[in-house]
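Undergrad: This is target09.txt, which holds compact mmCIF, C-alpha atoms:
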# COMPACT_ATOMS: atom_id res chain seq x y z
CA MET A 1 -37.91 13.22 11.95
CA LEU A 2 -34.54 11.50 11.64
CA VAL A 3 -34.47 8.00 13.02
CA THR A 4 -31.20 6.23 13.66
CA SER A 5 -30.42 2.87 15.07
CA PRO A 6 -28.13 2.57 18.11
CA ALA A 7 -25.43 1.18 15.78
CA GLN A 8 -25.65 4.26 13.56
CA ALA A 9 -25.57 6.61 16.54
CA THR A 10 -22.34 5.10 17.87
CA ALA A 11 -20.52 4.40 14.58
CA PRO A 12 -17.08 6.04 14.56
CA GLU A 13 -16.68 9.11 12.38
CA GLY A 14 -15.64 8.23 8.84
CA THR A 15 -16.91 4.65 8.87
CA GLU A 16 -18.63 5.27 5.53
CA LEU A 17 -15.21 5.89 3.93
CA ILE A 18 -13.64 2.56 4.94
CA GLY A 19 -13.17 0.37 1.86
CA THR A 20 -13.34 3.28 -0.59
CA LYS A 21 -10.57 4.49 -2.88
CA ALA A 22 -8.72 7.49 -1.50
CA PRO A 23 -9.32 10.65 -3.55
CA ARG A 24 -6.44 12.39 -5.27
CA TRP A 25 -4.77 15.24 -3.44
CA ASP A 26 -4.28 18.78 -4.62
CA VAL A 27 -0.92 19.92 -3.26
CA THR A 28 2.28 21.08 -4.93
CA ALA A 29 4.42 22.23 -1.99
CA TRP A 30 6.30 19.44 -0.22
CA ILE A 31 8.93 19.34 2.52
CA ASN A 32 11.33 16.40 3.00
CA SER A 33 10.27 14.98 -0.36
CA LYS A 34 9.65 15.61 -4.00
CA PRO A 35 5.93 15.96 -4.82
CA LEU A 36 4.20 12.62 -4.36
CA SER A 37 1.03 11.17 -5.85
CA LEU A 38 -1.14 8.25 -4.82
CA ASP A 39 -0.27 6.49 -8.08
CA GLU A 40 3.45 6.65 -7.17
CA LEU A 41 2.69 5.16 -3.76
CA LYS A 42 0.87 2.07 -5.04
CA GLY A 43 2.46 -0.96 -3.45
CA SER A 44 3.11 0.89 -0.18
CA VAL A 45 0.95 1.16 2.91
CA VAL A 46 0.36 4.88 3.47
CA LEU A 47 -0.46 6.68 6.72
CA ILE A 48 -1.67 10.24 6.16
CA ARG A 49 -2.11 12.62 9.10
CA TRP A 50 -3.46 16.15 8.81
CA TRP A 51 -1.83 18.40 11.37
CA THR A 52 -1.32 22.04 12.18
CA GLY A 53 1.01 24.14 14.27
CA PRO A 54 1.72 24.55 17.95
CA GLU A 55 -1.72 26.02 18.59
CA CYS A 56 -3.02 22.45 18.27
CA PRO A 57 -2.02 20.45 21.35
CA TYR A 58 -3.38 17.24 19.76
CA CYS A 59 -1.07 17.58 16.77
CA ALA A 60 1.94 18.26 18.99
CA ALA A 61 1.06 15.29 21.22
CA SER A 62 0.75 12.95 18.22
CA ALA A 63 4.01 14.00 16.57
CA PRO A 64 6.21 11.54 18.55
CA ASN A 65 3.92 8.67 17.55
CA LEU A 66 4.12 9.61 13.87
CA ASN A 67 7.90 9.78 14.14
CA ALA A 68 8.03 6.37 15.83
CA LEU A 69 5.78 4.74 13.22
CA HIS A 70 7.90 6.24 10.45
CA ALA A 71 11.16 5.07 12.05
CA THR A 72 9.86 1.57 12.76
CA TYR A 73 8.06 0.78 9.52
CA GLN A 74 9.54 2.89 6.72
CA THR A 75 11.91 0.10 5.64
CA LYS A 76 9.04 -2.41 5.76
CA GLY A 77 6.80 -0.60 3.27
CA LEU A 78 5.01 2.14 5.26
CA VAL A 79 5.04 5.70 3.97
CA VAL A 80 4.00 8.31 6.54
CA ILE A 81 2.84 11.61 5.08
CA GLY A 82 1.95 14.72 7.04
CA PHE A 83 -0.54 17.14 5.49
CA TYR A 84 -0.19 20.57 7.04
CA HIS A 85 -3.41 22.61 7.15
CA HIS A 86 -2.94 26.17 8.30
CA LYS A 87 -5.05 27.52 11.19
CA SER A 88 -2.83 30.34 12.40
CA PRO A 89 -4.02 33.94 11.95
CA ALA A 90 -0.60 34.72 10.43
CA SER A 91 -0.13 34.28 6.69
CA LEU A 92 0.81 30.82 5.47
CA THR A 93 4.44 30.61 4.39
CA ARG A 94 6.62 27.66 3.51
CA ARG A 95 9.19 28.85 6.04
CA HIS A 96 6.60 28.66 8.84
CA VAL A 97 5.80 25.04 7.94
CA GLU A 98 9.51 24.17 7.63
CA ARG A 99 10.09 25.49 11.18
CA LEU A 100 7.22 23.34 12.49
CA VAL A 101 8.54 20.27 10.65
CA LYS A 102 11.91 20.85 12.30
CA ARG A 103 10.31 21.49 15.71
CA TYR A 104 8.39 18.19 15.55
CA HIS A 105 11.42 16.33 14.11
CA PHE A 106 9.44 15.10 11.10
CA ARG A 107 11.68 13.17 8.68
CA PHE A 108 8.81 11.94 6.52
CA PRO A 109 7.23 13.82 3.60
CA VAL A 110 5.02 16.78 4.51
CA ALA A 111 2.59 18.38 2.06
CA ILE A 112 1.20 21.86 2.52
CA ASP A 113 -2.57 21.81 1.96
CA PRO A 114 -3.47 25.41 1.08
CA GLU A 115 -7.04 26.45 1.77
CA TRP A 116 -7.55 22.87 3.08
CA ARG A 117 -8.42 21.74 -0.47
CA THR A 118 -7.41 18.13 0.07
CA LEU A 119 -8.69 17.99 3.65
CA LYS A 120 -12.09 19.18 2.42
CA ARG A 121 -12.17 16.61 -0.40
CA TRP A 122 -11.12 13.73 1.86
CA TRP A 123 -12.87 14.57 5.12
CA LEU A 124 -14.89 17.76 5.52
CA ASN A 125 -17.08 18.26 2.45
CA GLY A 126 -20.60 17.16 3.17
CA HIS A 127 -19.77 15.96 6.67
CA GLU A 128 -19.60 17.46 10.12
CA HIS A 129 -16.57 16.24 12.03
CA ARG A 130 -15.21 17.27 15.41
CA TRP A 131 -11.56 17.30 14.30
CA THR A 132 -9.47 18.31 11.34
CA SER A 133 -6.42 16.36 12.58
CA VAL A 134 -7.66 13.17 10.93
CA SER A 135 -5.50 10.17 9.98
CA PHE A 136 -6.12 7.80 7.08
CA LEU A 137 -4.42 4.43 6.63
CA LEU A 138 -4.38 3.22 3.01
CA ASP A 139 -3.54 -0.24 1.76
CA GLN A 140 -1.15 -0.96 -1.12
CA GLU A 141 -3.92 -0.24 -3.65
CA GLY A 142 -4.88 3.15 -2.18
CA ILE A 143 -8.02 1.88 -0.43
CA ILE A 144 -8.91 3.46 2.91
CA ARG A 145 -8.62 0.72 5.57
CA TYR A 146 -8.61 2.69 8.82
CA ILE A 147 -9.47 6.20 9.99
CA HIS A 148 -8.51 7.88 13.23
CA PRO A 149 -11.02 10.74 13.30
CA GLY A 150 -8.74 13.26 14.99
CA GLY A 151 -7.40 14.57 18.24
CA SER A 152 -4.27 13.12 19.75
CA TYR A 153 -3.47 9.43 19.62
CA THR A 154 -4.19 7.65 22.89
CA GLU A 155 -2.16 4.60 23.87
CA ASP A 156 -5.01 2.41 22.62
CA ASP A 157 -5.14 4.37 19.33
CA VAL A 158 -1.42 3.75 18.77
CA LYS A 159 -1.87 0.04 19.49
CA MET A 160 -4.79 -0.15 17.04
CA LEU A 161 -2.94 1.83 14.37
CA THR A 162 0.20 -0.29 14.80
CA SER A 163 -1.85 -3.47 14.56
CA ARG A 164 -3.54 -2.27 11.36
CA ILE A 165 -0.20 -1.25 9.84
CA GLU A 166 1.31 -4.65 10.64
CA GLU A 167 -1.72 -6.44 9.16
CA LEU A 168 -1.40 -4.48 5.93
CA LEU A 169 2.37 -4.96 5.73
CA ALA A 170 2.19 -8.71 6.41
CA PRO A 171 2.73 -10.92 3.37
CA PRO A 172 -0.51 -12.42 2.13
CA SER A 173 -1.27 -15.75 3.68
CA PRO A 174 -1.06 -18.62 1.21
CA GLN A 175 -4.41 -19.64 -0.19
CA HIS A 176 -5.51 -23.20 0.13
CA ALA A 177 -2.70 -25.28 -1.28
CA ALA A 178 -3.59 -27.10 -4.47
CA PRO A 179 -4.11 -30.80 -3.79
CA LEU A 180 -1.33 -33.06 -4.91
CA SER A 181 -2.33 -35.31 -7.74
CA GLU A 182 -1.91 -39.04 -7.32
CA GLY A 183 1.59 -40.25 -7.76
CA THR A 184 3.27 -36.92 -7.04
CA HIS A 185 5.27 -36.20 -3.96
CA PRO A 186 5.96 -32.91 -2.32
Could you render the structure from this file as structure tokens?

TA:
Amino acid sequence: MLVTSPAQATAPEGTELIGTKAPRWDVTAWINSKPLSLDELKGSVVLIRWWTGPECPYCAASAPNLNALHATYQTKGLVVIGFYHHKSPASLTRRHVERLVKRYHFRFPVAIDPEWRTLKRWWLNGHEHRWTSVSFLLDQEGIIRYIHPGGSYTEDDVKMLTSRIEELLAPPSPQHAAPLSEGTHP
């Protein structure tokens, strides 16, 4: 018999991943960018959102929020990356993804995740999750700091995500100032 505490039963999906290093990704096809790697992105805050085509109303509904976050924070150190994972019965083609990128007005880098290889490594392997349209927010060292477990972003989700982005982009607060030694003046 499996026994869980109330805290375990209500913990948000993905909580066990917070504070862990993001795994590498396994993609070679990129739109709006040259191929990127996590090592290249060190020093930037990174928001990664898995999305799919128009058959996913949650992805379509979240697209304007992704565009707004990109427009607002790209010059402040945020890199938004879309990871397309194909769900359509039609064959996956780059042209199909390019049309969707244009339809959603994405100006940020978009990777094509064939066979969901990276999505499985990051989110699905060994776990049951309700959504595949997951978002990960990484700090400047590539550590997972926030997960939105999928579906569309609600107004509260956008506020939370924006708050987390701003926290990560904020300059570090000065540590306790060293005490002045006797006879020195500031």

Undergrad: Considering all atoms listed in the file, can you say which of A:Tyr73, A:Arg24, A:Ile31, A:Arg103 comes closest to Ala170 in chain A?

TA: A:Tyr73

Undergrad: Could you work out how far CA of Ala63 in chain A lies from CA of Gly82 in chain A, giving the answer in Å with one decimal?

TA: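 Straight-line distance from CA of Gly82 in chain A to CA of Ala63 in chain A works out to 9.8 Å.
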
Undergrad: What does the structure give for the distance between CA of Phe83 in chain A and CA of Ala68 in chain A, in Å to one decimal?

TA: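 These two atoms are separated by 17.2 Å.
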
Undergrad: Between CA of Met160 in chain A and CA of Ile144 in chain A, measure the distance and give it in Å to one decimal.

TA: 15.2 Å

Undergrad: Give as a VMD selection string each residue that has an atom at most 12 Å from (-18.6, 14.3, 8.5) in the file, counting all atoms listed in the file.

TA: chain A and resid 11 to 17 119 to 132 134 149 to 150
